[in-house]
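Source file: coords-v3.cif. Holds: mmCIF, C-alpha atoms and all ligand atoms.
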data_input
#
loop_
_atom_site.label_atom_id
_atom_site.label_comp_id
_atom_site.auth_asym_id
_atom_site.auth_seq_id
_atom_site.Cartn_x
_atom_site.Cartn_y
_atom_site.Cartn_z
CA MET A 1 21.56 -0.25 -30.74
CA THR A 2 21.04 3.25 -29.43
CA THR A 3 22.88 4.41 -26.35
CA SER A 4 20.31 4.63 -23.58
CA ASN A 5 20.54 6.75 -20.47
CA ALA A 6 21.06 3.50 -18.60
CA THR A 7 24.29 2.61 -20.36
CA ARG A 8 25.46 6.13 -19.58
CA GLY A 9 24.74 5.60 -15.93
CA GLY A 10 21.48 7.45 -15.32
CA VAL A 11 20.42 8.60 -11.87
CA GLY A 12 16.89 9.14 -10.61
CA ASN A 13 15.28 10.12 -7.32
CA ALA A 14 11.66 9.94 -6.26
CA ARG A 15 9.37 10.02 -3.22
CA ALA A 16 6.14 8.06 -2.82
CA GLY A 17 3.64 8.04 0.04
CA ALA A 18 2.32 4.92 1.72
CA ASN A 19 -1.32 4.13 1.14
CA PHE A 20 -3.93 2.33 3.22
CA ALA A 21 -6.81 0.54 1.58
CA LEU A 22 -10.32 1.33 2.84
CA ILE A 23 -11.69 -1.40 0.55
CA LYS A 24 -8.96 -3.99 0.58
CA TYR A 25 -6.92 -6.10 -1.79
CA TRP A 26 -6.56 -9.66 -0.52
CA GLY A 27 -5.96 -12.41 -3.09
CA LYS A 28 -4.47 -12.66 -6.55
CA ALA A 29 -5.99 -13.45 -9.94
CA ASP A 30 -2.58 -14.22 -11.50
CA ALA A 31 0.57 -14.65 -9.45
CA VAL A 32 2.96 -13.98 -12.38
CA LEU A 33 1.29 -10.77 -13.56
CA ASN A 34 0.49 -9.97 -9.93
CA THR A 35 -3.07 -9.02 -10.80
CA PRO A 36 -5.43 -8.80 -7.82
CA ALA A 37 -8.51 -10.97 -7.46
CA VAL A 38 -10.48 -7.91 -6.32
CA GLY A 39 -10.44 -4.17 -6.88
CA SER A 40 -9.56 -1.86 -3.98
CA ILE A 41 -9.92 1.76 -2.84
CA SER A 42 -7.21 3.52 -0.85
CA ILE A 43 -5.96 6.80 0.56
CA THR A 44 -2.39 7.95 -0.05
CA LEU A 45 -0.63 9.59 2.93
CA ASP A 46 1.69 12.57 3.04
CA THR A 47 3.89 11.98 6.10
CA LEU A 48 4.67 8.26 5.66
CA TYR A 49 6.83 7.91 2.58
CA THR A 50 9.74 6.22 0.86
CA ASP A 51 12.62 8.16 -0.70
CA THR A 52 14.50 6.25 -3.36
CA GLU A 53 17.61 6.90 -5.41
CA ILE A 54 18.51 4.65 -8.32
CA VAL A 55 21.84 4.68 -10.11
CA PHE A 56 22.29 2.61 -13.26
CA ASP A 57 25.92 1.52 -13.24
CA ALA A 58 27.53 -0.50 -16.04
CA THR A 59 30.10 -1.97 -13.63
CA LEU A 60 27.46 -3.85 -11.62
CA ALA A 61 26.93 -7.57 -12.27
CA ARG A 62 23.51 -7.54 -10.59
CA ASP A 63 21.08 -5.11 -9.07
CA GLU A 64 21.68 -4.04 -5.48
CA LEU A 65 19.31 -2.80 -2.81
CA VAL A 66 20.12 -0.88 0.34
CA LEU A 67 16.99 -0.30 2.43
CA ASN A 68 17.17 1.87 5.54
CA GLY A 69 20.97 1.65 5.45
CA LYS A 70 21.16 -2.18 5.20
CA ARG A 71 21.83 -4.37 2.17
CA ARG A 72 18.75 -6.47 1.41
CA ASP A 73 20.01 -9.17 -0.97
CA GLU A 74 16.91 -11.25 -0.23
CA ASP A 75 14.68 -8.59 -1.81
CA VAL A 76 16.76 -7.97 -4.95
CA ASP A 77 14.93 -10.48 -7.17
CA LYS A 78 11.63 -8.60 -6.73
CA ILE A 79 13.34 -5.28 -7.51
CA SER A 80 15.09 -6.76 -10.56
CA ALA A 81 11.86 -8.22 -11.94
CA CYS A 82 10.17 -4.83 -11.65
CA LEU A 83 13.10 -2.96 -13.22
CA ASP A 84 13.23 -5.52 -16.05
CA LEU A 85 9.73 -4.42 -17.08
CA LEU A 86 11.29 -1.06 -17.92
CA ARG A 87 14.70 -2.32 -19.12
CA LYS A 88 13.87 -5.27 -21.34
CA PRO A 89 11.52 -3.58 -23.86
CA ARG A 90 14.21 -0.91 -24.37
CA GLY A 91 17.16 -3.23 -24.69
CA VAL A 92 18.74 -1.93 -21.48
CA THR A 93 20.89 -4.45 -19.64
CA THR A 94 22.63 -2.16 -17.16
CA ARG A 95 22.14 -3.10 -13.50
CA ALA A 96 21.17 -0.60 -10.84
CA ARG A 97 22.02 0.34 -7.28
CA VAL A 98 18.83 1.20 -5.40
CA THR A 99 19.07 3.12 -2.14
CA SER A 100 15.78 3.48 -0.37
CA ARG A 101 14.66 4.83 2.98
CA ASN A 102 11.28 4.59 4.67
CA ASN A 103 10.53 7.26 7.25
CA PHE A 104 8.24 4.76 9.06
CA PRO A 105 8.52 1.11 10.22
CA THR A 106 9.23 -1.33 7.37
CA GLY A 107 7.25 -4.54 6.85
CA ALA A 108 4.99 -4.02 9.84
CA GLY A 109 1.67 -3.57 8.10
CA LEU A 110 2.30 0.06 7.19
CA ALA A 111 2.39 -0.40 3.42
CA SER A 112 6.13 -0.08 2.89
CA SER A 113 6.06 -2.20 -0.28
CA ALA A 114 3.44 0.15 -1.73
CA SER A 115 5.48 3.31 -1.29
CA GLY A 116 8.70 1.41 -2.01
CA PHE A 117 7.76 0.12 -5.46
CA ALA A 118 5.94 3.32 -6.44
CA ALA A 119 9.08 5.33 -5.62
CA LEU A 120 11.25 2.76 -7.44
CA VAL A 121 9.23 3.02 -10.65
CA ARG A 122 9.25 6.84 -10.61
CA ALA A 123 12.98 7.00 -9.85
CA ALA A 124 13.81 4.44 -12.56
CA GLU A 125 11.67 6.30 -15.06
CA VAL A 126 13.74 9.43 -14.45
CA ALA A 127 17.06 7.57 -14.55
CA LEU A 128 16.17 5.86 -17.83
CA GLY A 129 14.92 9.09 -19.40
CA LEU A 130 11.42 7.66 -19.97
CA ASN A 131 8.12 9.49 -20.08
CA LEU A 132 5.55 6.97 -18.93
CA THR A 133 1.85 7.72 -18.63
CA PRO A 134 0.38 7.50 -15.11
CA ARG A 135 -1.37 4.29 -16.16
CA GLU A 136 1.90 2.74 -17.38
CA ARG A 137 3.54 3.64 -14.07
CA SER A 138 0.71 2.04 -12.17
CA ILE A 139 0.88 -1.17 -14.23
CA VAL A 140 4.64 -1.51 -13.71
CA ALA A 141 4.34 -0.72 -9.98
CA ARG A 142 1.57 -3.34 -9.65
CA GLN A 143 3.96 -6.02 -10.83
CA GLY A 144 6.35 -5.04 -8.04
CA SER A 145 3.60 -5.03 -5.39
CA GLY A 146 -0.13 -4.88 -5.94
CA SER A 147 -0.74 -2.04 -3.50
CA ALA A 148 2.08 0.01 -5.12
CA ALA A 149 -0.13 0.57 -8.17
CA ARG A 150 -2.22 2.83 -5.90
CA SER A 151 0.70 4.84 -4.42
CA ILE A 152 1.44 6.26 -7.88
CA PHE A 153 -1.54 8.57 -7.23
CA GLY A 154 -2.48 10.92 -4.40
CA GLY A 155 -5.70 11.32 -2.42
CA PHE A 156 -8.44 8.73 -2.84
CA VAL A 157 -7.48 6.06 -5.39
CA GLU A 158 -9.24 3.10 -6.96
CA MET A 159 -7.42 -0.01 -8.23
CA TYR A 160 -9.18 -2.10 -10.87
CA ALA A 161 -8.69 -5.84 -10.78
CA GLY A 162 -9.08 -6.03 -14.56
CA THR A 163 -9.90 -9.02 -16.73
CA ALA A 164 -7.35 -8.86 -19.60
CA SER A 165 -5.05 -11.88 -19.87
CA ASP A 166 -1.99 -9.59 -20.11
CA GLY A 167 -2.91 -7.47 -17.06
CA SER A 168 -3.24 -4.33 -19.20
CA ASP A 169 -6.49 -3.27 -17.49
CA SER A 170 -5.24 -3.93 -13.95
CA PHE A 171 -4.16 -0.49 -12.76
CA ALA A 172 -5.13 2.30 -10.37
CA GLU A 173 -6.67 5.71 -11.04
CA PRO A 174 -7.37 8.75 -8.88
CA LEU A 175 -10.91 8.96 -7.48
CA LEU A 176 -10.80 12.23 -5.54
CA ALA A 177 -7.99 14.70 -4.81
CA ALA A 178 -6.55 14.88 -1.29
CA ASP A 179 -7.70 18.46 -0.72
CA ALA A 180 -11.25 17.70 -1.91
CA TRP A 181 -11.93 15.73 1.30
CA PRO A 182 -9.00 16.30 3.65
CA LEU A 183 -9.40 13.38 6.03
CA GLU A 184 -6.61 12.56 8.48
CA VAL A 185 -5.19 9.32 9.85
CA VAL A 186 -3.97 8.46 13.36
CA ILE A 187 -1.94 5.26 13.36
CA ALA A 188 -1.68 3.33 16.60
CA VAL A 189 1.57 1.35 16.48
CA THR A 190 1.04 -1.71 18.67
CA ALA A 191 4.15 -3.73 17.73
CA LYS A 192 7.49 -2.97 16.14
CA GLY A 193 9.57 -5.25 13.92
CA GLU A 194 8.69 -7.03 10.70
CA LYS A 195 5.69 -9.34 10.56
CA GLU A 196 6.18 -13.10 10.35
CA ILE A 197 3.90 -13.81 7.41
CA GLY A 198 4.10 -11.37 4.51
CA SER A 199 0.98 -10.35 2.63
CA ARG A 200 2.03 -12.22 -0.49
CA SER A 201 2.21 -15.69 1.02
CA GLY A 202 -0.66 -14.87 3.38
CA MET A 203 -3.11 -14.02 0.64
CA THR A 204 -2.07 -17.02 -1.44
CA ARG A 205 -2.69 -19.29 1.54
CA SER A 206 -6.09 -17.69 2.19
CA ALA A 207 -7.18 -18.25 -1.42
CA THR A 208 -6.44 -21.94 -1.25
CA SER A 209 -7.50 -22.80 2.29
CA SER A 210 -9.91 -20.24 3.79
CA PRO A 211 -13.56 -21.32 3.51
CA TYR A 212 -14.50 -17.63 3.67
CA TYR A 213 -12.29 -16.56 0.76
CA PRO A 214 -14.98 -17.07 -1.94
CA ALA A 215 -17.43 -14.98 0.11
CA TRP A 216 -14.76 -12.29 0.54
CA VAL A 217 -14.26 -12.03 -3.23
CA ALA A 218 -18.02 -12.17 -3.95
CA GLY A 219 -18.77 -9.20 -1.69
CA GLN A 220 -16.15 -6.85 -3.09
CA THR A 221 -18.08 -5.38 -6.04
CA ALA A 222 -20.83 -4.14 -3.73
CA ASP A 223 -18.35 -2.70 -1.19
CA LEU A 224 -16.44 -0.87 -3.92
CA ALA A 225 -19.68 0.63 -5.26
CA THR A 226 -20.76 1.75 -1.78
CA ALA A 227 -17.38 3.32 -1.05
CA ARG A 228 -17.27 5.10 -4.42
CA VAL A 229 -20.66 6.71 -3.75
CA ALA A 230 -19.66 7.64 -0.16
CA ILE A 231 -16.42 9.27 -1.34
CA ALA A 232 -18.15 11.20 -4.15
CA ALA A 233 -20.71 12.49 -1.60
CA ARG A 234 -18.12 13.05 1.20
CA ASP A 235 -20.44 10.88 3.30
CA PHE A 236 -18.26 10.00 6.29
CA ALA A 237 -20.77 7.73 8.05
CA ALA A 238 -21.35 5.65 4.92
CA LEU A 239 -17.61 5.35 4.24
CA ALA A 240 -16.98 4.40 7.88
CA ASP A 241 -19.54 1.59 7.79
CA VAL A 242 -18.35 0.01 4.56
CA ALA A 243 -14.63 0.40 5.34
CA GLU A 244 -14.90 -1.29 8.77
CA HIS A 245 -17.11 -4.04 7.34
CA ASN A 246 -14.68 -4.66 4.49
CA CYS A 247 -11.67 -4.72 6.84
CA LEU A 248 -13.30 -7.22 9.18
CA LYS A 249 -14.30 -9.46 6.27
CA MET A 250 -10.71 -9.51 5.03
CA HIS A 251 -9.45 -10.44 8.48
CA ALA A 252 -12.18 -13.06 8.91
CA ALA A 253 -11.04 -14.69 5.67
CA ALA A 254 -7.41 -14.46 6.81
CA MET A 255 -8.11 -15.91 10.26
CA ALA A 256 -9.96 -18.85 8.71
CA THR A 257 -6.88 -19.71 6.63
CA GLN A 258 -4.97 -22.92 7.43
CA PRO A 259 -2.58 -22.44 9.15
CA PRO A 260 -4.35 -19.34 10.52
CA LEU A 261 -3.33 -15.75 9.84
CA VAL A 262 -4.00 -13.71 12.95
CA TYR A 263 -2.37 -10.36 12.34
CA TRP A 264 -3.82 -8.74 15.49
CA ASN A 265 -2.53 -8.53 19.03
CA GLY A 266 -4.47 -7.57 22.13
CA ALA A 267 -3.85 -3.85 21.68
CA THR A 268 -5.15 -4.08 18.10
CA VAL A 269 -8.50 -5.29 19.45
CA GLU A 270 -8.56 -2.66 22.22
CA CYS A 271 -7.94 0.09 19.65
CA LEU A 272 -10.69 -1.26 17.44
CA HIS A 273 -13.15 -1.04 20.32
CA ALA A 274 -11.90 2.41 21.33
CA VAL A 275 -12.53 3.71 17.81
CA ARG A 276 -16.00 2.18 17.73
CA ARG A 277 -16.86 3.74 21.11
CA LEU A 278 -15.69 7.14 19.86
CA ARG A 279 -17.92 6.89 16.80
CA ALA A 280 -20.87 5.81 18.93
CA ASP A 281 -20.24 9.03 20.90
CA GLY A 282 -20.52 11.04 17.67
CA VAL A 283 -16.82 11.42 16.82
CA PRO A 284 -16.25 11.04 13.04
CA VAL A 285 -13.65 8.26 13.03
CA PHE A 286 -13.38 4.69 11.75
CA PHE A 287 -10.69 2.03 11.86
CA THR A 288 -8.91 -0.01 9.27
CA ILE A 289 -6.27 -2.72 9.83
CA ASP A 290 -3.96 -4.27 7.25
CA ALA A 291 -1.73 -7.36 7.31
CA GLY A 292 -0.19 -6.38 10.63
CA PRO A 293 -1.18 -5.31 14.16
CA GLN A 294 -1.29 -1.53 13.65
CA VAL A 295 -4.66 0.25 13.76
CA LYS A 296 -5.29 3.13 11.38
CA ALA A 297 -7.99 5.49 12.60
CA VAL A 298 -9.32 7.63 9.76
CA CYS A 299 -11.05 10.80 10.95
CA GLU A 300 -12.26 14.24 10.04
CA PRO A 301 -9.62 16.91 10.83
CA GLY A 302 -11.55 18.35 13.78
CA ALA A 303 -11.61 14.94 15.49
CA ARG A 304 -7.91 14.20 15.32
CA SER A 305 -6.82 15.47 18.74
CA ARG A 306 -9.63 13.53 20.48
CA VAL A 307 -8.72 10.35 18.56
CA GLU A 308 -5.04 10.79 19.46
CA ALA A 309 -5.84 11.31 23.14
CA VAL A 310 -7.98 8.15 23.30
CA LEU A 311 -5.62 5.88 21.34
CA ARG A 312 -2.54 7.09 23.23
CA ASP A 313 -4.12 5.77 26.45
CA VAL A 314 -4.94 2.30 25.11
CA PRO A 315 -2.66 -0.22 26.90
CA GLY A 316 -0.15 -1.66 24.44
CA VAL A 317 -0.06 1.32 22.11
CA LEU A 318 3.66 2.07 21.66
CA ASP A 319 3.51 5.07 19.41
CA LEU A 320 1.14 7.25 17.41
CA LEU A 321 1.83 8.45 13.88
CA THR A 322 -0.40 11.00 12.18
CA SER A 323 -0.86 11.93 8.58
CA ARG A 324 -2.98 13.93 6.19
CA LEU A 325 -3.78 12.68 2.72
CA GLY A 326 -0.93 13.29 0.33
CA PRO A 327 0.24 13.48 -3.26
CA GLY A 328 1.18 10.75 -5.70
CA ALA A 329 4.71 9.52 -6.39
CA GLU A 330 6.92 12.28 -7.77
CA PRO A 331 10.55 12.77 -8.76
CA THR A 332 12.61 14.64 -6.17
C1 LIG B 401 -4.29 -3.58 0.80
N1 LIG B 401 -2.77 -5.31 1.68
O1 LIG B 401 -5.23 -3.46 0.01
C2 LIG B 401 -4.11 -4.95 1.42
C3 LIG B 401 -4.80 -5.07 2.72
C4 LIG B 401 -2.58 -5.82 2.98
C5 LIG B 401 -3.93 -5.94 3.56
O2 LIG B 401 -2.09 -4.79 -0.38
O3 LIG B 401 1.90 -9.53 -3.09
O4 LIG B 401 2.15 -5.97 -0.33
O5 LIG B 401 3.15 -7.37 -3.16
O6 LIG B 401 0.96 -7.61 -4.36
O7 LIG B 401 0.53 -5.17 -2.10
C6 LIG B 401 -0.54 -5.84 0.93
O8 LIG B 401 -0.24 -6.59 -0.19
O9 LIG B 401 1.04 -7.62 -1.86
C7 LIG B 401 -1.85 -5.29 0.70
P1 LIG B 401 1.81 -8.05 -3.18
P2 LIG B 401 0.97 -6.23 -1.16
O10 LIG B 401 -3.54 -2.63 1.11
#

Now that the file is in, can you turn its structure into structure tokens?
Ligand code: 2P0
Amino acid sequence: MTTSNATRGGVGNARAGANFALIKYWGKADAVLNTPAVGSISITLDTLYTDTEIVFDATLARDELVLNGKRRDEDVDKISACLDLLRKPRGVTTRARVTSRNNFPTGAGLASSASGFAALVRAAEVALGLNLTPRERSIVARQGSGSAARSIFGGFVEMYAGTASDGSDSFAEPLLAADAWPLEVVIAVTAKGEKEIGSRSGMTRSATSSPYYPAWVAGQTADLATARVAIAARDFAALADVAEHNCLKMHAAAMATQPPLVYWNGATVECLHAVRRLRADGVPVFFTIDAGPQVKAVCEPGARSRVEAVLRDVPGVLDLLTSRLGPGAEPT
């Protein structure tokens, strides 16, 4: 057996940006391969990111995770399964210490698993001395967390659901570079702390019990096509319409789940209306909401200060975060 970097104790560091889906992933085709039931289209952000260091250490009996300064033993199995996709084919058995920090709230509907697993894969690739293709990175990241497949890339990104039984065609690819259409995002934080129902169990419950789930899946091909055309044409109004429609369909399917999944609070709804009023007044902005109560307002750069001023005044808004579109996951 050859001596791998891992058995020598390789170290790797990487940063990956969070991403928000404009056309959303909700539901799985295969829970083991973690392939999505539907494709998705997202934007990767530059100022919300995860920094990760991984150290392969032959003295460790099992992998370890420290996230935001705290040991997270409950999350180690997911990390180990993802790292095993890189270790096992190469005969590497060395365990790793993963130290990760999000510069934004964790587990609150701000896509921390997306940036987290994308950064993990890039850092592990460096530590193990591998040279993966972008597609291979995306496939490995997907098996950590579906949305992480998209955070491998910057700008506008499309994730393909795929049909292959081994998941080999279920990966993301760049659609349009960040600087080709430099939209911005204002995030209205309406609650802090981690959500009660994670996306993973939420989407599984929706698939089995929401009467609207089949309609959600059936509509996705058309929404993806509309969004692709809007992005290629930089057609803000068309992207706004399809993104809000797609978001509300996802939440309708989630709310009709048994027991129900209501990710919104009162301030979420107020922000949604505020964004719609702004657009009716001619301001280029639309909302999207993920599996949490935060509202992401996507706007043209010239509209950002107006969007910030309006959302800051919505009762229940605790904080505003802003971001431009950013790069893909990279070693640091
Ligand atoms: C998305 N979300 O497309 C959708 C919209 C949340 C709502 O992808 O089970 O954390 O790890 O594959 O990626 C969140 O789901 O789920 C998500 P897993 P993930 O951004």

- prompt: Skipping near chain neighbours, those fewer than 3 positions away, what residues fall within 12 Å of Ser168 (chain A) using all atoms listed in the file, listed as a list in words?
  reply: Leu33, Asn34, Thr35, Arg135, Glu136, Arg137, Ser138, Ile139, Val140, Arg142, Gln143, Tyr160, Ala161, Gly162, Thr163, Ala164, Ser165, Phe171 and Ala172 of chain A

- prompt: Counting all atoms listed in the file, which protein, DNA or RNA residues come within 7 Å of ligand LIG 401 (chain B), given as an MDAnalysis selection string?
  reply: chainID A and resid 20:21 23:26 34 40 111 113:114 142 144:148 199:200 290:291

field: Near-Leu261 (chain A) list (12 Å; all atoms listed in the file; drop same-chain fewer than 2 positions) as a PyMOL selection string
entry: chain A and resi 195-199+201-206+209-210+250-259+263-265+290-293

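Using all atoms listed in the file, the contacts of Val295 (chain A) at a cut-off of 9 Å, with sequence neighbours closer than 6 positions omitted, comprise Val186, Ile187, Ala188, Val189, Thr190, Ala267, Thr268, Val269, Cys271, Leu272, Phe287, Thr288 and Ile289 of chain A.
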
message: as a PyMOL selection string, please: the residues near region 273-282 of chain A (cut-off 8 Å, only C-alpha atoms, same-chain neighbours under 5 positions excluded).
response: chain A and resi 287+297+307+310-311+314

Can those selected residues be exported to a file as an mmCIF file, in the frame of the given file so that it contains C-alpha atoms?
data_model
loop_
_atom_site.group_PDB
_atom_site.id
_atom_site.type_symbol
_atom_site.label_atom_id
_atom_site.label_comp_id
_atom_site.auth_asym_id
_atom_site.auth_seq_id
_atom_site.Cartn_x
_atom_site.Cartn_y
_atom_site.Cartn_z
ATOM 1 C CA PHE A 287 -10.690 2.030 11.860
ATOM 2 C CA ALA A 297 -7.990 5.490 12.600
ATOM 3 C CA VAL A 307 -8.720 10.350 18.560
ATOM 4 C CA VAL A 310 -7.980 8.150 23.300
ATOM 5 C CA LEU A 311 -5.620 5.880 21.340
ATOM 6 C CA VAL A 314 -4.940 2.300 25.110
#
